[in-house]
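Pasting run.cif here (mmCIF, C-alpha atoms and all ligand atoms):
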```cif
data_run
loop_
_atom_site.label_atom_id
_atom_site.label_comp_id
_atom_site.auth_asym_id
_atom_site.auth_seq_id
_atom_site.Cartn_x
_atom_site.Cartn_y
_atom_site.Cartn_z
CA MET A 123 70.93 136.54 88.02
CA THR A 124 72.94 133.83 86.30
CA ILE A 125 76.62 133.79 87.00
CA MET A 126 78.57 132.48 84.02
CA PRO A 127 81.37 130.12 85.02
CA THR A 128 84.81 131.50 84.13
CA PRO A 129 86.47 129.21 81.59
CA SER A 130 89.64 127.70 82.97
CA ILE A 131 93.03 128.68 81.62
CA ILE A 132 94.50 125.77 79.66
CA VAL A 133 97.81 127.32 78.70
CA ARG A 134 99.51 130.48 79.82
CA ALA A 135 102.63 132.13 78.42
CA ASP A 136 104.23 134.78 80.59
CA LYS A 137 106.75 136.99 78.78
CA ALA A 138 107.96 134.04 76.74
CA THR A 139 111.04 134.91 74.71
CA LYS A 140 112.84 132.65 72.25
CA VAL A 141 116.19 133.43 70.72
CA TYR A 142 117.63 130.71 68.47
CA GLN A 143 121.33 130.49 67.71
CA ARG A 144 122.32 130.01 64.08
CA ASP A 145 126.06 129.65 63.55
CA SER A 146 126.54 131.42 66.90
CA ILE A 147 124.42 134.35 65.70
CA PRO A 148 121.33 135.03 67.82
CA VAL A 149 118.04 134.83 65.87
CA PRO A 150 115.20 136.40 67.87
CA ALA A 151 111.93 134.55 67.16
CA LEU A 152 109.58 135.57 69.98
CA HIS A 153 109.79 138.56 72.29
CA GLU A 154 108.19 138.67 75.78
CA THR A 155 104.95 137.15 74.57
CA SER A 156 102.16 136.74 77.10
CA LEU A 157 98.82 135.09 76.41
CA GLU A 158 96.17 132.87 77.93
CA ILE A 159 94.37 130.10 76.08
CA LEU A 160 91.02 129.26 77.66
CA ALA A 161 89.19 125.93 77.72
CA GLY A 162 87.15 125.61 74.53
CA ASP A 163 89.11 128.21 72.57
CA PHE A 164 89.41 127.74 68.79
CA VAL A 165 92.33 129.96 67.89
CA ALA A 166 94.12 130.84 64.66
CA LEU A 167 97.70 132.11 65.02
CA VAL A 168 98.39 134.23 61.97
CA GLY A 169 101.21 136.44 60.77
CA PRO A 170 103.85 136.70 58.06
CA SER A 171 106.38 133.97 57.49
CA GLY A 172 108.98 134.11 60.26
CA SER A 173 106.73 136.01 62.68
CA GLY A 174 107.03 133.28 65.33
CA LYS A 175 103.89 131.14 64.94
CA THR A 176 105.60 127.74 64.97
CA THR A 177 107.95 128.89 67.71
CA LEU A 178 104.97 129.85 69.90
CA LEU A 179 103.19 126.53 69.21
CA ASN A 180 106.39 124.63 70.06
CA LEU A 181 106.78 126.53 73.33
CA ILE A 182 103.19 126.11 74.51
CA GLY A 183 103.32 122.43 73.58
CA GLY A 184 106.59 121.81 75.42
CA LEU A 185 108.45 120.78 72.25
CA ASP A 186 110.94 123.54 72.87
CA ARG A 187 111.89 125.76 75.81
CA PRO A 188 111.77 129.54 76.04
CA THR A 189 115.06 131.40 76.41
CA SER A 190 113.32 133.39 79.15
CA GLY A 191 109.79 133.67 80.51
CA ARG A 192 107.45 130.91 81.62
CA ILE A 193 104.86 128.55 80.17
CA TRP A 194 102.10 126.93 82.21
CA VAL A 195 99.95 124.02 81.08
CA GLY A 196 97.04 124.11 83.49
CA GLU A 197 98.53 124.56 86.94
CA GLN A 198 101.89 123.19 85.93
CA ASP A 199 104.86 125.42 85.13
CA ILE A 200 106.44 123.32 82.37
CA THR A 201 109.44 125.64 82.02
CA SER A 202 111.15 124.12 85.02
CA LEU A 203 110.52 120.48 84.13
CA GLY A 204 113.27 118.05 83.23
CA ARG A 205 113.28 116.26 79.87
CA LYS A 206 111.42 113.18 81.07
CA ALA A 207 108.70 115.09 82.88
CA LEU A 208 108.25 117.36 79.87
CA ALA A 209 107.90 114.34 77.56
CA GLU A 210 105.22 113.04 79.93
CA VAL A 211 103.30 116.36 79.69
CA ARG A 212 103.47 116.15 75.90
CA LEU A 213 102.26 112.56 75.88
CA ARG A 214 99.38 113.06 78.30
CA ARG A 215 98.25 116.62 77.78
CA ILE A 216 99.19 117.94 74.35
CA GLY A 217 98.04 116.86 70.88
CA PHE A 218 100.32 117.85 68.01
CA VAL A 219 99.33 117.81 64.35
CA PHE A 220 102.28 118.46 62.07
CA GLN A 221 102.12 119.92 58.59
CA GLU A 222 103.65 116.81 57.08
CA TYR A 223 101.31 114.52 59.09
CA ASN A 224 104.16 112.45 60.64
CA LEU A 225 102.19 109.20 60.55
CA VAL A 226 104.14 105.97 61.03
CA PRO A 227 104.28 104.57 57.45
CA VAL A 228 104.28 100.88 58.37
CA LEU A 229 101.24 101.16 60.64
CA SER A 230 97.62 101.26 59.49
CA ALA A 231 95.42 104.29 60.18
CA LEU A 232 93.93 102.40 63.12
CA GLU A 233 97.33 101.47 64.55
CA ASN A 234 98.58 105.03 64.16
CA VAL A 235 95.65 106.29 66.23
CA GLU A 236 96.00 103.49 68.77
CA TYR A 237 99.74 104.02 69.19
CA VAL A 238 99.59 107.01 71.51
CA MET A 239 97.00 105.23 73.69
CA LEU A 240 99.34 102.22 73.78
CA LEU A 241 102.09 104.50 75.10
CA GLN A 242 99.66 105.78 77.71
CA GLY A 243 98.94 102.23 78.86
CA VAL A 244 95.31 102.12 77.70
CA GLU A 245 94.02 98.55 77.58
CA GLU A 246 93.77 96.92 74.12
CA ALA A 247 90.01 96.52 73.69
CA LEU A 248 89.37 100.08 74.80
CA ARG A 249 92.12 101.35 72.52
CA ARG A 250 90.60 99.64 69.53
CA THR A 251 87.03 100.82 70.22
CA GLU A 252 88.12 104.39 70.82
CA ALA A 253 90.35 104.52 67.72
CA MET A 254 87.53 103.11 65.54
CA ARG A 255 85.12 105.68 66.96
CA LEU A 256 87.49 108.58 66.34
CA LEU A 257 88.26 107.52 62.78
CA ALA A 258 84.53 107.25 62.08
CA THR A 259 83.96 110.72 63.60
CA LEU A 260 86.59 112.07 61.22
CA GLY A 261 84.90 110.45 58.21
CA LEU A 262 87.37 107.57 57.83
CA ALA A 263 85.13 104.56 58.51
CA GLY A 264 86.14 101.71 56.22
CA MET A 265 89.70 103.03 55.86
CA GLU A 266 91.00 101.87 59.24
CA HIS A 267 93.30 99.22 57.82
CA ARG A 268 94.91 101.34 55.13
CA ARG A 269 98.46 102.48 55.54
CA PRO A 270 99.25 106.21 55.15
CA ASN A 271 100.46 105.77 51.53
CA GLU A 272 97.05 104.33 50.66
CA LEU A 273 95.30 107.48 51.83
CA SER A 274 95.00 110.95 50.29
CA GLY A 275 96.70 113.94 51.93
CA GLY A 276 93.38 115.08 53.44
CA GLN A 277 92.67 111.61 54.81
CA GLN A 278 96.17 111.35 56.28
CA GLN A 279 95.73 114.73 57.94
CA ARG A 280 92.43 113.55 59.45
CA VAL A 281 94.21 110.44 60.80
CA ALA A 282 96.78 112.81 62.32
CA VAL A 283 93.97 114.78 64.01
CA ALA A 284 92.36 111.53 65.25
CA ARG A 285 95.74 110.49 66.66
CA ALA A 286 96.21 113.85 68.36
CA ILE A 287 92.84 113.75 70.10
CA ALA A 288 93.01 110.03 70.95
CA ALA A 289 95.25 110.87 73.87
CA LYS A 290 92.52 113.13 75.29
CA PRO A 291 94.85 116.12 75.42
CA VAL A 292 93.87 119.37 77.08
CA ILE A 293 94.89 121.20 73.91
CA VAL A 294 95.51 120.32 70.25
CA LEU A 295 98.14 122.27 68.31
CA PRO A 296 97.94 121.84 64.53
CA ASP A 297 100.78 123.61 62.70
CA GLU A 298 99.43 124.80 59.33
CA PRO A 299 96.93 121.93 59.15
CA THR A 300 95.68 122.73 55.64
CA ALA A 301 99.00 123.73 54.05
CA ASN A 302 99.31 120.55 51.99
CA LEU A 303 95.62 120.05 51.25
CA ASP A 304 93.40 121.04 48.35
CA SER A 305 90.72 123.55 49.34
CA GLN A 306 87.90 120.98 49.63
CA SER A 307 89.92 118.66 51.92
CA GLY A 308 91.08 121.68 53.93
CA ALA A 309 87.51 122.87 54.45
CA THR A 310 86.38 119.36 55.47
CA LEU A 311 89.20 119.12 57.99
CA MET A 312 88.38 122.53 59.47
CA ASP A 313 84.69 121.68 59.76
CA LEU A 314 85.57 118.47 61.59
CA MET A 315 87.92 120.27 64.00
CA ARG A 316 85.29 122.91 64.65
CA ARG A 317 82.73 120.17 65.36
CA LEU A 318 85.09 118.52 67.86
CA ASN A 319 85.52 121.94 69.44
CA GLU A 320 81.80 122.63 69.68
CA GLU A 321 80.56 119.17 70.59
CA GLN A 322 83.38 117.89 72.79
CA GLY A 323 84.91 121.16 73.94
CA THR A 324 88.36 120.29 72.55
CA THR A 325 90.64 123.34 72.62
CA PHE A 326 92.54 124.07 69.40
CA VAL A 327 95.33 126.53 68.60
CA PHE A 328 96.51 126.32 64.99
CA SER A 329 98.95 128.35 62.95
CA THR A 330 97.90 129.21 59.44
CA HIS A 331 98.33 131.35 56.32
CA ASP A 332 95.02 130.14 54.90
CA PRO A 333 92.17 132.72 54.84
CA MET A 334 89.58 129.89 54.87
CA VAL A 335 91.05 128.66 58.18
CA VAL A 336 91.16 132.16 59.66
CA GLU A 337 87.52 132.68 58.71
CA ARG A 338 86.52 129.62 60.73
CA ALA A 339 88.46 130.60 63.87
CA ARG A 340 86.69 132.05 66.89
CA ARG A 341 89.75 133.90 68.12
CA VAL A 342 92.54 135.29 65.96
CA ILE A 343 95.98 136.11 67.35
CA ARG A 344 98.20 138.12 64.99
CA LEU A 345 101.95 137.88 65.35
CA ARG A 346 104.50 140.18 63.79
CA ASP A 347 108.25 140.04 64.33
CA GLY A 348 107.82 137.91 67.42
CA HIS A 349 105.20 140.16 69.04
CA ILE A 350 101.44 139.77 69.41
CA GLU A 351 100.01 142.74 67.54
CA ALA A 352 96.32 141.83 67.88
CA ASP A 353 94.19 139.30 69.76
CA GLU A 354 90.52 139.35 68.77
CA ARG A 355 87.59 137.20 69.78
CA ARG A 356 84.66 136.80 67.44
CA PRO A 357 81.08 136.53 68.55
CA ALA A 358 79.85 132.89 68.59
N1 LIG A 401 115.57 126.01 64.82
C1 LIG A 401 115.78 127.27 64.46
N2 LIG A 401 117.03 127.78 64.43
C2 LIG A 401 117.28 129.05 64.09
N3 LIG A 401 116.31 129.94 63.76
C3 LIG A 401 115.05 129.49 63.75
C4 LIG A 401 114.72 128.15 64.11
N4 LIG A 401 113.35 127.99 64.03
C5 LIG A 401 112.88 129.19 63.64
N5 LIG A 401 113.88 130.09 63.49
C6 LIG A 401 113.74 131.52 63.12
O1 LIG A 401 112.84 132.10 64.06
C7 LIG A 401 111.96 133.02 63.41
C8 LIG A 401 110.50 132.59 63.64
O2 LIG A 401 110.28 131.35 62.97
P1 LIG A 401 108.91 130.56 63.03
O3 LIG A 401 109.14 129.25 62.33
O4 LIG A 401 108.39 130.52 64.40
O5 LIG A 401 107.95 131.49 62.13
P2 LIG A 401 106.54 131.19 61.49
O6 LIG A 401 105.71 132.40 61.76
O7 LIG A 401 106.02 129.88 61.96
O8 LIG A 401 106.89 131.12 59.95
P3 LIG A 401 106.16 130.32 58.74
O9 LIG A 401 104.85 131.00 58.53
O10 LIG A 401 107.10 130.53 57.58
O11 LIG A 401 106.06 128.88 59.16
C9 LIG A 401 112.38 133.04 61.95
O12 LIG A 401 113.28 134.11 61.79
C10 LIG A 401 113.09 131.71 61.77
O13 LIG A 401 114.04 131.80 60.72
#
```

As structure tokens, what does this structure read like?
Ligand SMILES: Nc1ncnc2c1ncn2[C@@H]1O[C@H](COP(=O)(O)OP(=O)(O)OP(=O)(O)O)[C@@H](O)[C@H]1O
Amino acid sequence: MTIMPTPSIIVRADKATKVYQRDSIPVPALHETSLEILAGDFVALVGPSGSGKTTLLNLIGGLDRPTSGRIWVGEQDITSLGRKALAEVRLRRIGFVFQEYNLVPVLSALENVEYVMLLQGVEEALRRTEAMRLLATLGLAGMEHRRPNELSGGQQQRVAVARAIAAKPVIVLPDEPTANLDSQSGATLMDLMRRLNEEQGTTFVFSTHDPMVVERARRVIRLRDGHIEADERRPA
């Protein structure tokens, strides 16, 4: 009999609640949400506008703190960490990909990808080789020295993904990765992320409204009014 190894838990939310304050009025965004993301997951967070997708991504990535409840990244309860320690978790363990790419405009594609490794103290030659390799994997060979404004939206988004995975994070969190892309560039990006997931085991959790993205996910978590209303895995 073969015993399948249990995939490790990468991120765990335990009754995470977020209530924002807008002009002193409480705005509930997420209500006692519990979930586990496993190593190798490829998850789409879906739900109507305002259902709490970005809020959940921000909490599990340590960009924001829950009002109550707890978030673990691996074995570490990040809820109780101070600002500096939390920034360190984000730098070393989480890869963010923002809708508006957030690339540094004065740096080339290569320098943007190298930057996070520079912050991590990775030595220069290794940084360069790794950034070149990642850009090539994402179909950007030959474009390494272009600045963001010399790249299309789809190419910039792929640089943003290369930058996010350059840090070797335990999880990558793209927030609506295809929102600003035409359908062909969006499909290319999704295929590349899926390949990174299958070949390198990179764990992805992305929020989306895009049916093409949902179709490519292997697990779909549906949020409504700050609650998880469904969590389905699809056969491989
Ligand atoms: N910084 C904030 N201050 C106050 N309220 C906020 C803040 N961020 C989000 N909200 C509110 O929290 C709720 C959940 O927002 P969230 O951005 O997580 O939803 P979403 O599902 O990502 O929406 P979308 O699909 O439109 O991006 C909404 O009611 C939103 O208006």

Next on the checklist: Any residue with an atom at most 9 Å from ligand LIG 401 (chain A) counts, using only C-alpha atoms and all ligand atoms. Which are they? Put them as a PyMOL selection string.
Outcome noted: chain A and resi 140-145+148-152+167-180+297-298+329-331+345-348

Checklist outcome for this item: Using all atoms listed in the file, the residue out of A:Leu160, A:Leu295, A:Leu273, A:Ala138 with shortest distance to Thr201 (chain A) is A:Ala138

Checklist outcome for this item: Shortest contact to Ala309 (chain A), candidates A:Ala282, A:Val336, A:Met265, A:Ile131, atoms counted all atoms listed in the file, goes to A:Val336

Checklist entry - Between A:Asp163, A:Glu210, A:Asp136, A:Glu252, which one has atoms that come closest to Arg356 (chain A), using all atoms listed in the file? => result A:Asp163

Checklist outcome for this item: Expressed in Å, the length from CA of Asp199 (chain A) to CA of Asp186 (chain A) is 13.8 Å

Next on the checklist: Considering all atoms listed in the file, can you say which of A:Arg344, A:Arg280, A:Arg187, A:His349 comes closest to Val165 (chain A)?
Outcome noted: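 The answer is A:Arg344, which sits nearest to Val165 (chain A).
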
Checklist entry - So what do you get for CA of Ser274 (chain A) versus CA of Ser307 (chain A), distance-wise? => result 9.4 Å

Item to check | Residues within 10 Å of Ser156 (chain A), all atoms listed in the file, excluding chain neighbours under 3 positions, as a ChimeraX atom specification | outcome: /A:134-139,153,191-193,349-350

Next on the checklist: Give me, as an MDAnalysis selection string, all polymer residues having an atom no more than 8 Å from Val235 (chain A), counting only C-alpha atoms and skipping those fewer than 5 positions away in the same chain.
Outcome noted: chainID A and resid 253 281:282 284:286 288

Item to check | Close residues, Thr259 (chain A) itself excluded, 12 Å, only C-alpha atoms, min 2 positions apart in chain, as a PyMOL selection string | outcome: chain A and resi 252-257+261-264+280-281+283-284+287-288+311+313-315+317-318+321-322

Checklist entry - Smallest atom-to-atom distance to Met312 (chain A): which of A:Glu236, A:Asp332, A:Glu158, A:Glu272, using all atoms listed in the file? => result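 Checking each of A:Glu236, A:Asp332, A:Glu158, A:Glu272 against Met312 (chain A), counting all atoms listed in the file, the winner is A:Asp332.
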